[in-house]
file target.cif (mmCIF, C-alpha atoms and all ligand atoms)
data_structure
loop_
_atom_site.label_atom_id
_atom_site.label_comp_id
_atom_site.auth_asym_id
_atom_site.auth_seq_id
_atom_site.Cartn_x
_atom_site.Cartn_y
_atom_site.Cartn_z
CA MET R 9 96.23 43.20 -12.59
CA LEU R 10 93.85 45.98 -11.61
CA LYS R 11 95.05 47.65 -8.42
CA GLU R 12 92.41 50.28 -7.94
CA ILE R 13 89.02 51.33 -9.26
CA TYR R 14 87.56 54.75 -8.61
CA ILE R 15 83.95 55.57 -9.48
CA GLU R 16 82.31 58.91 -8.86
CA CYS R 17 78.74 59.92 -9.42
CA TYR R 18 77.46 56.75 -11.04
CA ARG R 19 73.92 55.81 -9.99
CA SER R 20 73.92 55.14 -6.23
CA ILE R 21 77.67 55.60 -6.05
CA ARG R 22 78.65 59.08 -5.08
CA GLU R 23 82.27 58.18 -4.59
CA LEU R 24 83.79 54.72 -4.41
CA ASN R 25 87.40 53.75 -4.18
CA LEU R 26 88.29 50.07 -4.30
CA GLU R 27 91.81 48.80 -3.66
CA LEU R 28 92.05 45.43 -5.36
CA THR R 29 94.11 42.27 -5.03
CA ARG R 30 93.92 39.17 -7.21
CA LEU R 31 90.71 37.95 -5.56
CA ASN R 32 88.15 40.50 -4.44
CA VAL R 33 84.83 39.74 -2.82
CA ILE R 34 82.20 42.48 -2.83
CA THR R 35 79.23 42.07 -0.51
CA GLY R 36 76.56 44.33 0.93
CA HIS R 37 72.84 44.79 1.46
CA ASN R 38 70.33 44.86 -1.38
CA GLY R 39 70.59 48.20 -3.10
CA SER R 40 74.03 48.98 -1.66
CA GLY R 41 75.55 49.46 -5.10
CA LYS R 42 77.12 46.11 -5.99
CA SER R 43 75.48 45.80 -9.39
CA ASN R 44 76.10 49.50 -9.99
CA THR R 45 79.80 48.82 -9.47
CA TYR R 46 79.56 45.90 -11.93
CA GLN R 47 77.78 48.12 -14.45
CA ALA R 48 80.28 50.94 -14.03
CA LEU R 49 83.05 48.51 -14.99
CA GLN R 50 80.98 47.38 -17.97
CA LEU R 51 80.64 51.03 -18.93
CA ILE R 52 84.45 51.36 -19.02
CA GLN R 53 84.59 48.34 -21.34
CA ASP R 54 81.85 49.87 -23.50
CA ALA R 55 83.89 53.05 -23.71
CA ALA R 56 86.92 51.06 -24.87
CA ARG R 57 84.80 49.22 -27.41
CA GLY R 58 83.26 52.38 -28.84
CA SER R 59 79.76 51.84 -27.50
CA PHE R 60 79.82 54.29 -24.60
CA ALA R 61 77.08 56.51 -26.01
CA GLU R 62 74.91 53.53 -26.89
CA ARG R 63 75.14 52.16 -23.34
CA VAL R 64 74.56 55.55 -21.71
CA VAL R 65 71.49 56.16 -23.86
CA GLN R 66 70.18 52.65 -23.06
CA GLU R 67 70.53 53.52 -19.38
CA GLY R 68 68.46 56.66 -19.86
CA GLY R 69 71.15 59.21 -20.64
CA ILE R 70 73.66 60.97 -18.41
CA PRO R 71 71.05 62.67 -16.18
CA SER R 72 69.59 59.27 -15.32
CA LEU R 73 72.81 57.37 -14.67
CA MET R 74 74.48 60.10 -12.68
CA TRP R 75 74.17 59.93 -8.92
CA ALA R 76 70.83 61.41 -7.90
CA GLY R 77 71.50 62.34 -4.29
CA SER R 78 69.10 65.05 -3.10
CA SER R 79 70.15 67.30 -0.23
CA SER R 80 73.80 66.34 -0.46
CA LEU R 81 73.69 66.99 -4.17
CA LYS R 82 73.19 70.71 -3.59
CA ARG R 83 76.29 70.83 -1.42
CA TYR R 84 78.18 68.79 -3.91
CA ASN R 85 76.98 70.80 -6.86
CA SER R 86 78.13 74.05 -5.36
CA ARG R 87 81.65 72.65 -5.12
CA ARG R 88 82.02 71.83 -8.79
CA ASN R 89 80.17 70.71 -11.87
CA ILE R 90 78.97 67.14 -11.55
CA GLU R 91 80.75 64.67 -13.79
CA LEU R 92 80.76 60.94 -14.02
CA ILE R 93 84.31 59.79 -13.28
CA LEU R 94 85.60 56.30 -14.00
CA SER R 95 89.21 55.63 -13.20
CA ILE R 96 91.29 52.45 -13.11
CA ARG R 97 94.87 51.79 -12.09
CA ASP R 98 97.12 48.80 -12.67
CA GLU R 99 100.82 48.18 -11.98
CA GLU R 100 101.87 50.53 -14.76
CA SER R 101 99.50 53.44 -15.19
CA ILE R 102 96.16 55.08 -14.50
CA TYR R 103 93.36 55.62 -17.01
CA GLU R 104 90.58 58.08 -16.25
CA LEU R 105 87.47 59.11 -18.14
CA ARG R 106 85.18 61.99 -17.22
CA ALA R 107 81.81 62.36 -18.87
CA GLY R 108 78.96 64.76 -18.46
CA VAL R 109 75.99 66.40 -20.05
CA PRO R 110 76.87 67.66 -23.53
CA ILE R 111 76.60 71.21 -24.74
CA PRO R 112 73.36 71.08 -26.78
CA VAL R 113 73.84 70.99 -30.55
CA PRO R 114 71.14 73.13 -32.19
CA GLY R 115 68.81 70.99 -34.30
CA SER R 116 70.19 67.65 -33.04
CA MET R 117 67.75 64.99 -31.94
CA PHE R 118 70.41 63.04 -29.99
CA LEU R 119 69.47 64.60 -26.71
CA LEU R 120 70.65 61.75 -24.47
CA ASP R 121 74.13 61.32 -25.96
CA PRO R 122 76.85 61.89 -23.35
CA GLU R 123 79.94 63.99 -23.82
CA ILE R 124 83.35 62.74 -22.81
CA LYS R 125 84.85 65.83 -21.29
CA GLU R 126 88.29 64.50 -20.41
CA GLU R 127 90.42 61.40 -20.64
CA LYS R 128 93.86 61.06 -19.11
CA ILE R 129 96.59 58.50 -18.68
CA TRP R 130 99.26 58.88 -16.02
CA LEU R 131 102.36 56.76 -15.72
CA GLY R 132 102.82 55.16 -12.28
CA ASP R 133 100.42 55.08 -9.37
CA LYS R 134 99.74 58.77 -8.70
CA LYS R 135 97.81 61.36 -10.70
CA ARG R 136 100.73 63.77 -10.68
CA PRO R 137 100.91 66.46 -13.41
CA SER R 138 104.48 65.40 -14.16
CA ALA R 139 103.36 61.79 -14.72
CA LEU R 140 100.72 62.72 -17.32
CA LEU R 141 101.29 60.83 -20.58
CA VAL R 142 98.28 61.89 -22.57
CA GLU R 143 95.29 64.11 -22.05
CA ARG R 144 92.13 64.57 -24.05
CA ILE R 145 90.10 67.68 -23.51
CA SER R 146 86.94 67.36 -25.58
CA SER R 147 88.31 67.14 -29.15
CA THR R 148 91.91 68.01 -28.42
CA LEU R 149 94.68 65.52 -27.72
CA ILE R 150 97.72 66.57 -25.74
CA SER R 151 100.64 64.14 -25.71
CA TYR R 152 103.31 64.86 -23.10
CA ASN R 153 105.80 62.26 -24.20
CA PRO R 154 108.55 63.00 -25.27
CA LYS R 155 107.44 66.65 -25.36
CA LYS R 156 104.15 68.45 -25.08
CA GLU R 157 102.34 68.22 -28.37
CA VAL R 158 98.82 69.55 -28.89
CA THR R 159 96.81 67.95 -31.69
CA PRO R 160 93.30 69.14 -32.48
CA LEU R 161 91.43 66.09 -33.73
CA VAL R 162 88.10 65.40 -35.31
CA LEU R 163 86.89 63.19 -32.50
CA ASP R 164 83.47 61.89 -31.72
CA THR R 165 82.96 63.63 -28.38
CA SER R 166 80.58 60.95 -27.17
CA GLU R 167 83.16 58.16 -27.54
CA SER R 168 86.50 57.44 -25.87
CA LEU R 169 89.97 58.04 -27.22
CA LEU R 170 90.70 54.35 -26.64
CA SER R 171 88.08 53.40 -29.19
CA GLN R 172 89.06 56.05 -31.71
CA LEU R 173 92.86 56.13 -31.73
CA ARG R 174 93.80 52.47 -31.95
CA SER R 175 97.25 52.65 -33.46
CA PRO R 176 99.88 50.81 -31.41
CA ASP R 177 102.62 52.79 -33.19
CA HIS R 178 101.21 56.27 -32.71
CA HIS R 179 99.39 55.85 -29.38
CA PRO R 180 100.90 52.87 -27.55
CA GLU R 181 99.65 54.02 -24.13
CA LEU R 182 96.05 54.06 -25.42
CA PHE R 183 96.46 50.75 -27.21
CA VAL R 184 97.77 49.03 -24.10
CA TRP R 185 94.75 50.11 -22.00
CA LEU R 186 92.36 49.26 -24.84
CA ASN R 187 93.54 45.67 -24.91
CA LYS R 188 93.62 45.29 -21.16
CA ILE R 189 90.05 46.54 -20.78
CA LEU R 190 88.74 44.47 -23.67
CA SER R 191 90.09 41.33 -22.02
CA TRP R 192 87.85 41.70 -18.94
CA ARG R 193 84.95 39.25 -18.88
CA PHE R 194 81.61 39.81 -17.21
CA TYR R 195 79.19 37.10 -16.16
CA HIS R 196 75.97 37.85 -14.40
CA HIS R 197 72.88 36.08 -15.55
CA PHE R 198 72.59 33.06 -17.80
CA ASP R 199 69.14 32.62 -19.28
CA VAL R 200 68.62 28.90 -18.78
CA SER R 201 64.84 28.94 -19.22
CA LYS R 202 63.31 26.21 -21.35
CA ASN R 203 63.33 28.18 -24.61
CA SER R 204 66.63 29.97 -24.02
CA LEU R 205 69.35 30.16 -26.67
CA ILE R 206 71.63 28.01 -24.53
CA ARG R 207 69.25 25.06 -24.83
CA GLN R 208 68.58 25.41 -28.58
CA PRO R 209 70.54 23.44 -31.17
CA HIS R 210 72.53 25.71 -33.49
CA PRO R 211 75.66 25.43 -35.63
CA CYS R 212 78.79 25.50 -33.49
CA SER R 213 82.16 27.02 -34.28
CA ARG R 214 85.27 26.85 -32.09
CA ALA R 215 84.79 29.16 -29.07
CA THR R 216 87.64 29.88 -26.67
CA ILE R 217 85.44 32.33 -24.74
CA LEU R 218 81.94 31.74 -23.42
CA ASN R 219 79.60 34.55 -24.48
CA ASN R 220 78.22 36.69 -21.63
CA ASP R 221 74.81 35.08 -22.12
CA GLY R 222 76.24 31.56 -22.42
CA SER R 223 74.67 31.13 -25.86
CA ASN R 224 77.72 29.31 -27.28
CA LEU R 225 78.00 26.92 -24.31
CA ILE R 226 78.21 23.62 -26.19
CA ALA R 227 80.82 24.97 -28.61
CA ALA R 228 82.84 26.38 -25.70
CA ILE R 229 82.81 23.03 -23.86
CA ARG R 230 83.94 21.19 -26.99
CA THR R 231 86.71 23.78 -27.43
CA ILE R 232 87.90 23.10 -23.86
CA TYR R 233 87.95 19.38 -24.71
CA GLU R 234 90.05 20.02 -27.83
CA ILE R 235 92.49 22.72 -26.72
CA GLY R 236 91.84 23.40 -23.02
CA ASP R 237 92.00 21.47 -19.76
CA GLU R 238 89.50 18.69 -20.50
CA VAL R 239 90.64 16.62 -17.51
CA LEU R 240 90.03 19.47 -15.06
CA PHE R 241 86.66 20.30 -16.62
CA LYS R 242 85.52 16.69 -16.31
CA LYS R 243 86.85 16.50 -12.76
CA TYR R 244 84.73 19.48 -11.72
CA ILE R 245 81.63 18.02 -13.38
CA ALA R 246 82.19 14.67 -11.66
CA ASN R 247 82.71 16.41 -8.28
CA ALA R 248 79.67 18.59 -8.70
CA PHE R 249 77.23 15.93 -9.91
CA ASN R 250 78.15 12.58 -8.31
CA GLY R 251 80.48 11.26 -10.97
CA ALA R 252 78.59 12.68 -13.95
CA LEU R 253 80.24 13.08 -17.36
CA ILE R 254 79.50 15.49 -20.20
CA GLU R 255 80.07 14.37 -23.79
CA ILE R 256 79.60 16.55 -26.84
CA THR R 257 78.18 14.86 -29.92
CA ASP R 258 77.36 15.86 -33.48
CA PRO R 259 74.43 13.55 -34.28
CA THR R 260 73.77 14.92 -37.77
CA MET R 261 77.43 15.56 -38.65
CA SER R 262 76.53 19.15 -39.51
CA SER R 263 78.30 21.01 -36.68
CA VAL R 264 75.03 21.23 -34.78
CA PHE R 265 76.41 19.78 -31.55
CA ASP R 266 74.45 18.30 -28.70
CA LEU R 267 75.40 17.82 -25.08
CA GLU R 268 75.01 14.44 -23.38
CA PHE R 269 74.93 14.43 -19.60
CA HIS R 270 75.75 10.93 -18.33
CA GLN R 271 74.86 10.16 -14.76
CA ASP R 272 74.88 6.95 -12.73
CA GLY R 273 71.43 5.42 -12.43
CA LEU R 274 70.07 6.87 -15.67
CA TYR R 275 69.77 4.35 -18.52
CA ARG R 276 70.27 7.11 -21.15
CA PRO R 277 72.14 10.42 -21.11
CA LEU R 278 70.18 13.66 -20.65
CA SER R 279 70.23 16.28 -23.38
CA ILE R 280 70.84 19.96 -22.67
CA ARG R 281 67.08 20.56 -22.90
CA GLU R 282 66.50 18.22 -19.95
CA LEU R 283 69.06 19.61 -17.49
CA SER R 284 67.85 21.51 -14.43
CA ASP R 285 68.36 25.28 -14.32
CA GLY R 286 70.96 25.13 -11.54
CA THR R 287 72.90 22.32 -13.25
CA LEU R 288 73.06 24.25 -16.49
CA LYS R 289 73.99 27.45 -14.71
CA PHE R 290 76.89 25.72 -12.96
CA ILE R 291 78.08 24.24 -16.28
CA CYS R 292 78.03 27.76 -17.77
CA LEU R 293 80.15 29.15 -14.91
CA LEU R 294 82.60 26.27 -15.17
CA THR R 295 82.92 26.78 -18.93
CA ALA R 296 83.38 30.53 -18.49
CA LEU R 297 86.10 30.14 -15.89
CA LEU R 298 88.00 27.29 -17.53
CA SER R 299 88.29 29.13 -20.83
CA PRO R 300 91.40 28.06 -22.78
CA ARG R 301 92.03 31.82 -23.19
CA PRO R 302 91.60 33.03 -19.59
CA ALA R 303 90.44 36.60 -19.01
CA SER R 304 92.75 39.08 -17.30
CA VAL R 305 89.83 39.88 -15.00
CA TYR R 306 86.62 37.94 -14.39
CA ILE R 307 83.82 40.01 -12.92
CA LEU R 308 81.09 37.76 -11.54
CA ASN R 309 77.81 39.13 -10.24
CA GLU R 310 76.03 36.78 -7.83
CA PRO R 311 77.18 33.53 -9.52
CA GLU R 312 75.67 31.51 -6.65
CA ILE R 313 72.07 32.24 -7.66
CA SER R 314 70.07 28.99 -7.97
CA LEU R 315 73.02 26.79 -6.95
CA HIS R 316 72.65 24.28 -4.11
CA MET R 317 75.03 24.75 -1.16
CA ASP R 318 77.15 21.79 -2.25
CA LEU R 319 77.62 23.37 -5.67
CA VAL R 320 78.55 26.66 -4.01
CA ASP R 321 81.41 24.74 -2.40
CA VAL R 322 82.61 23.47 -5.77
CA LEU R 323 82.24 26.97 -7.25
CA ALA R 324 84.40 28.35 -4.43
CA ASP R 325 87.13 25.80 -5.24
CA LEU R 326 86.95 26.76 -8.88
CA ILE R 327 87.20 30.49 -8.19
CA VAL R 328 90.17 29.96 -5.88
CA GLN R 329 91.91 27.86 -8.55
CA VAL R 330 91.25 30.37 -11.35
CA SER R 331 92.49 33.25 -9.19
CA ASP R 332 95.99 31.76 -9.58
CA TYR R 333 96.14 33.15 -13.11
CA SER R 334 93.20 35.57 -13.53
CA GLN R 335 92.06 38.38 -11.29
CA ILE R 336 88.57 37.89 -9.86
CA ILE R 337 86.01 40.44 -8.74
CA LEU R 338 83.24 38.43 -7.13
CA ILE R 339 79.97 40.07 -6.09
CA THR R 340 78.04 37.78 -3.80
CA HIS R 341 75.34 37.45 -1.16
CA SER R 342 76.52 33.98 -0.19
CA SER R 343 78.45 33.92 3.07
CA LYS R 344 79.45 30.36 2.29
CA LEU R 345 81.07 31.38 -1.00
CA LYS R 346 82.65 34.44 0.58
CA ASP R 347 84.03 32.58 3.61
CA LYS R 348 85.46 29.77 1.55
CA VAL R 349 87.31 31.87 -1.01
CA MET R 350 88.54 34.24 1.71
CA PHE R 351 89.84 31.27 3.69
CA TYR R 352 91.87 29.79 0.85
CA VAL R 353 93.35 32.95 -0.67
CA ASP R 354 95.65 34.74 1.75
CA ASP R 355 95.66 38.13 0.13
CA ALA R 356 91.97 38.13 -0.91
CA SER R 357 90.22 41.39 -0.17
CA LEU R 358 86.73 41.74 1.23
CA ILE R 359 84.81 44.87 0.35
CA GLU R 360 81.55 45.53 2.10
CA LEU R 361 79.39 48.15 0.46
CA GLU R 362 77.25 50.16 2.87
CA PHE R 363 74.91 53.09 2.74
CA GLY R 364 76.10 56.40 4.05
CA LYS R 365 79.67 55.46 4.83
CA PHE R 366 82.55 57.41 3.49
CA GLY R 367 85.36 54.93 3.97
CA THR R 368 87.82 53.63 1.43
CA ALA R 369 85.28 51.22 0.03
CA VAL R 370 82.09 53.15 -0.19
CA ALA R 371 80.59 56.53 -0.14
CA ILE R 372 76.88 56.37 -0.66
CA ASP R 373 74.60 58.98 0.78
CA LEU R 374 71.04 58.85 -0.49
N1 LIG A 1 70.91 57.65 -10.67
C1 LIG A 1 70.83 57.11 -9.45
N2 LIG A 1 71.11 57.86 -8.35
C2 LIG A 1 71.05 57.34 -7.12
N3 LIG A 1 70.69 56.08 -6.87
C3 LIG A 1 70.38 55.29 -7.90
C4 LIG A 1 70.43 55.76 -9.24
N4 LIG A 1 70.08 54.74 -10.05
C5 LIG A 1 69.83 53.67 -9.24
N5 LIG A 1 70.00 54.01 -7.96
C6 LIG A 1 69.85 53.15 -6.78
O1 LIG A 1 70.83 52.15 -6.81
C7 LIG A 1 70.36 51.08 -6.03
C8 LIG A 1 70.60 49.77 -6.72
O2 LIG A 1 71.89 49.48 -6.59
P1 LIG A 1 72.42 48.07 -7.09
O3 LIG A 1 71.55 47.49 -8.13
O4 LIG A 1 73.85 48.26 -7.38
O5 LIG A 1 72.21 47.23 -5.73
P2 LIG A 1 72.85 45.86 -5.33
O6 LIG A 1 73.82 46.11 -4.24
O7 LIG A 1 73.34 45.16 -6.54
O8 LIG A 1 71.58 45.14 -4.74
P3 LIG A 1 71.10 43.62 -4.88
O9 LIG A 1 71.84 42.89 -3.81
O10 LIG A 1 69.65 43.72 -4.59
O11 LIG A 1 71.38 43.13 -6.25
C9 LIG A 1 68.88 51.23 -5.86
O12 LIG A 1 68.61 51.50 -4.51
C10 LIG A 1 68.55 52.38 -6.75
O13 LIG A 1 67.52 53.13 -6.20
MG MG A 2 72.72 43.48 -7.64
#
call {"tool": "encode", "arguments": {"input": "target.cif", "output": "structure tokens"}}
result
Amino acid sequence: MLKEIYIECYRSIRELNLELTRLNVITGHNGSGKSNTYQALQLIQDAARGSFAERVVQEGGIPSLMWAGSSSLKRYNSRRNIELILSIRDEESIYELRAGVPIPVPGSMFLLDPEIKEEKIWLGDKKRPSALLVERISSTLISYNPKKEVTPLVLDTSESLLSQLRSPDHHPELFVWLNKILSWRFYHHFDVSKNSLIRQPHPCSRATILNNDGSNLIAAIRTIYEIGDEVLFKKYIANAFNGALIEITDPTMSSVFDLEFHQDGLYRPLSIRELSDGTLKFICLLTALLSPRPASVYILNEPEISLHMDLVDVLADLIVQVSDYSQIILITHSSKLKDKVMFYVDDASLIELEFGKFGTAVAIDL
């Protein structure tokens, strides 16, 4: 379980320290940095996956994604060189990545590529020098366990150690973090518009995890029916939609599945193309959260969008239930969703992001 996240100098976030429990609700005004927090966590996963540079360049390069405070920036700058810092702690250790503007390579056209300046892993819950397990300084790896060993490596300086040294035998501490980070799952927006991928028929293969964009929804539901908790899935659908039932069919026997939505009062089932946006969105969330291979952490950004209040209630129940075995970071504007999950989970934590406050949760000063 993630115990702490520390983000420095990422977009609107000058410095943000979040202490986490198994269920964490993040709220705050528009523009207070909720989605930036979500994206910073995605950036850590991109780093683990080996697509850090790609993501940074898509976001406009390091100068664009670094905190752009004005007057305060001068003060801050005089203290030290600005770096983007992403740090996460769980029960066992701390992983930290620092990135910044690269030293220009003469003749190179990759002007927006970032440079990972440092990466470190400490054992335990404090960043003590004596607890340091491994340290990367640019292209050099220093292992402190069992004794200090300096290895100059040919590393890609724009990508993380986690993505480049994947051997469980040689670098177990990196391998452990790699797998933990890769098991986080992010869900923000499902495109449920009429021509979206979710609504199109396509060949289905077994899917224990719903894609971020929900594109493999029908396959993922069928997988829950075959190897997951079909009874629970159907119970949630019935609760949410007045006794409705979802069946998955293969009309042409060619693995191009269809979804049949049976509801009282309708003389024929509805196909996935006929479902309302909110209905389909709820089905996506349910499928994501009832995955037969649950994520270690689910990070949900405003899942309540386009759901009726009654469905928000059902979603709250679902989130509370899933938080028994997966950690949840829930970003929401819905006080109903927030109040309900906070009520049912004793040790849930509520984090309110605010402008200009320098508390444990937030430090934003624009
Ligand atoms: N490099 C940057 N430096 C400083 N601020 C930035 C930077 N990039 C974006 N921002 C600011 O970040 C804010 C957006 O934050 P974010 O999207 O996280 O808000 P939010 O809390 O998710 O809001 P909403 O509730 O509307 O979704 C905007 O005010 C934007 O101007
Ligand atoms: Mg947002």
call {"tool": "closest_residue", "arguments": {"input": "target.cif", "among": "R:Phe265, R:Leu274, R:Leu294, R:His179", "to": "R:Ala252", "atoms": "only C-alpha atoms"}}
result
R:Leu274
call {"tool": "residues_near_ligand", "arguments": {"input": "target.cif", "ligand": "ligand LIG 1 (chain A)", "cutoff": "9 Å", "atoms": "only C-alpha atoms and all ligand atoms", "output": "ChimeraX atom specification"}}
result
/R:17-22,35-47,70-78,309-310,339-341,361-362,372-374
call {"tool": "residues_near_point", "arguments": {"input": "target.cif", "point": "(95.8, 42.7, -22.1)", "cutoff": "12 Å", "atoms": "all atoms listed in the file", "output": "list in words"}}
result
Met9, Leu10, Asp98, Leu182, Phe183, Val184, Trp185, Leu186, Asn187, Lys188, Ile189, Leu190, Ser191, Trp192, Arg193, Arg301, Pro302, Ala303, Ser304, Val305 and Ser334 of chain R
call {"tool": "residues_around", "arguments": {"input": "target.cif", "residues": "R:Arg230", "least_positions_apart": "6", "cutoff": "9 Å", "atoms": "only C-alpha atoms", "output": "list in words"}}
result
Arg214, Ala215, Glu238, Glu255, Ile256 and Phe265 of chain R
call {"tool": "closest_residue", "arguments": {"input": "target.cif", "among": "R:His270, R:Lys346, R:Lys243, R:His197", "to": "ligand MG 2 (chain A)", "atoms": "only C-alpha atoms and all ligand atoms"}}
result
R:His197
call {"tool": "atom_distance", "arguments": {"input": "target.cif", "atom1": "atom CA of R:Pro300", "atom2": "atom CA of R:Thr216"}}
result
5.7 Å
call {"tool": "axis_aligned_box", "arguments": {"input": "target.cif", "around": "stretch 132-139 of chain R", "padding_each_side": "8 Å", "output": "lines of an AutoDock Vina configuration file"}}
result
center_x = 101.1
center_y = 60.8
center_z = -11.7
size_x = 22.7
size_y = 27.4
size_z = 22.0
call {"tool": "atom_distance", "arguments": {"input": "target.cif", "atom1": "atom CA of R:Pro122", "atom2": "atom CA of R:Thr165"}}
result
8.1 Å
call {"tool": "closest_residue", "arguments": {"input": "target.cif", "among": "R:Ile34, R:Ile15, R:Leu140, R:Leu323", "to": "ligand MG 2 (chain A)", "atoms": "all atoms listed in the file"}}
result
R:Ile34
call {"tool": "closest_residue", "arguments": {"input": "target.cif", "among": "R:Asp332, R:Pro311, R:Asp318, R:Leu131", "to": "ligand MG 2 (chain A)", "atoms": "all atoms listed in the file"}}
result
R:Pro311
call {"tool": "residues_around", "arguments": {"input": "target.cif", "residues": "R:Lys11", "least_positions_apart": "4", "cutoff": "10 Å", "atoms": "all atoms listed in the file", "output": "NGL selection string"}}
result
:R and (26-30 or 96-102 or 133)
call {"tool": "residues_around", "arguments": {"input": "target.cif", "residues": "R:Lys348", "least_positions_apart": "6", "cutoff": "10 Å", "atoms": "all atoms listed in the file", "output": "count of residues only"}}
result
7
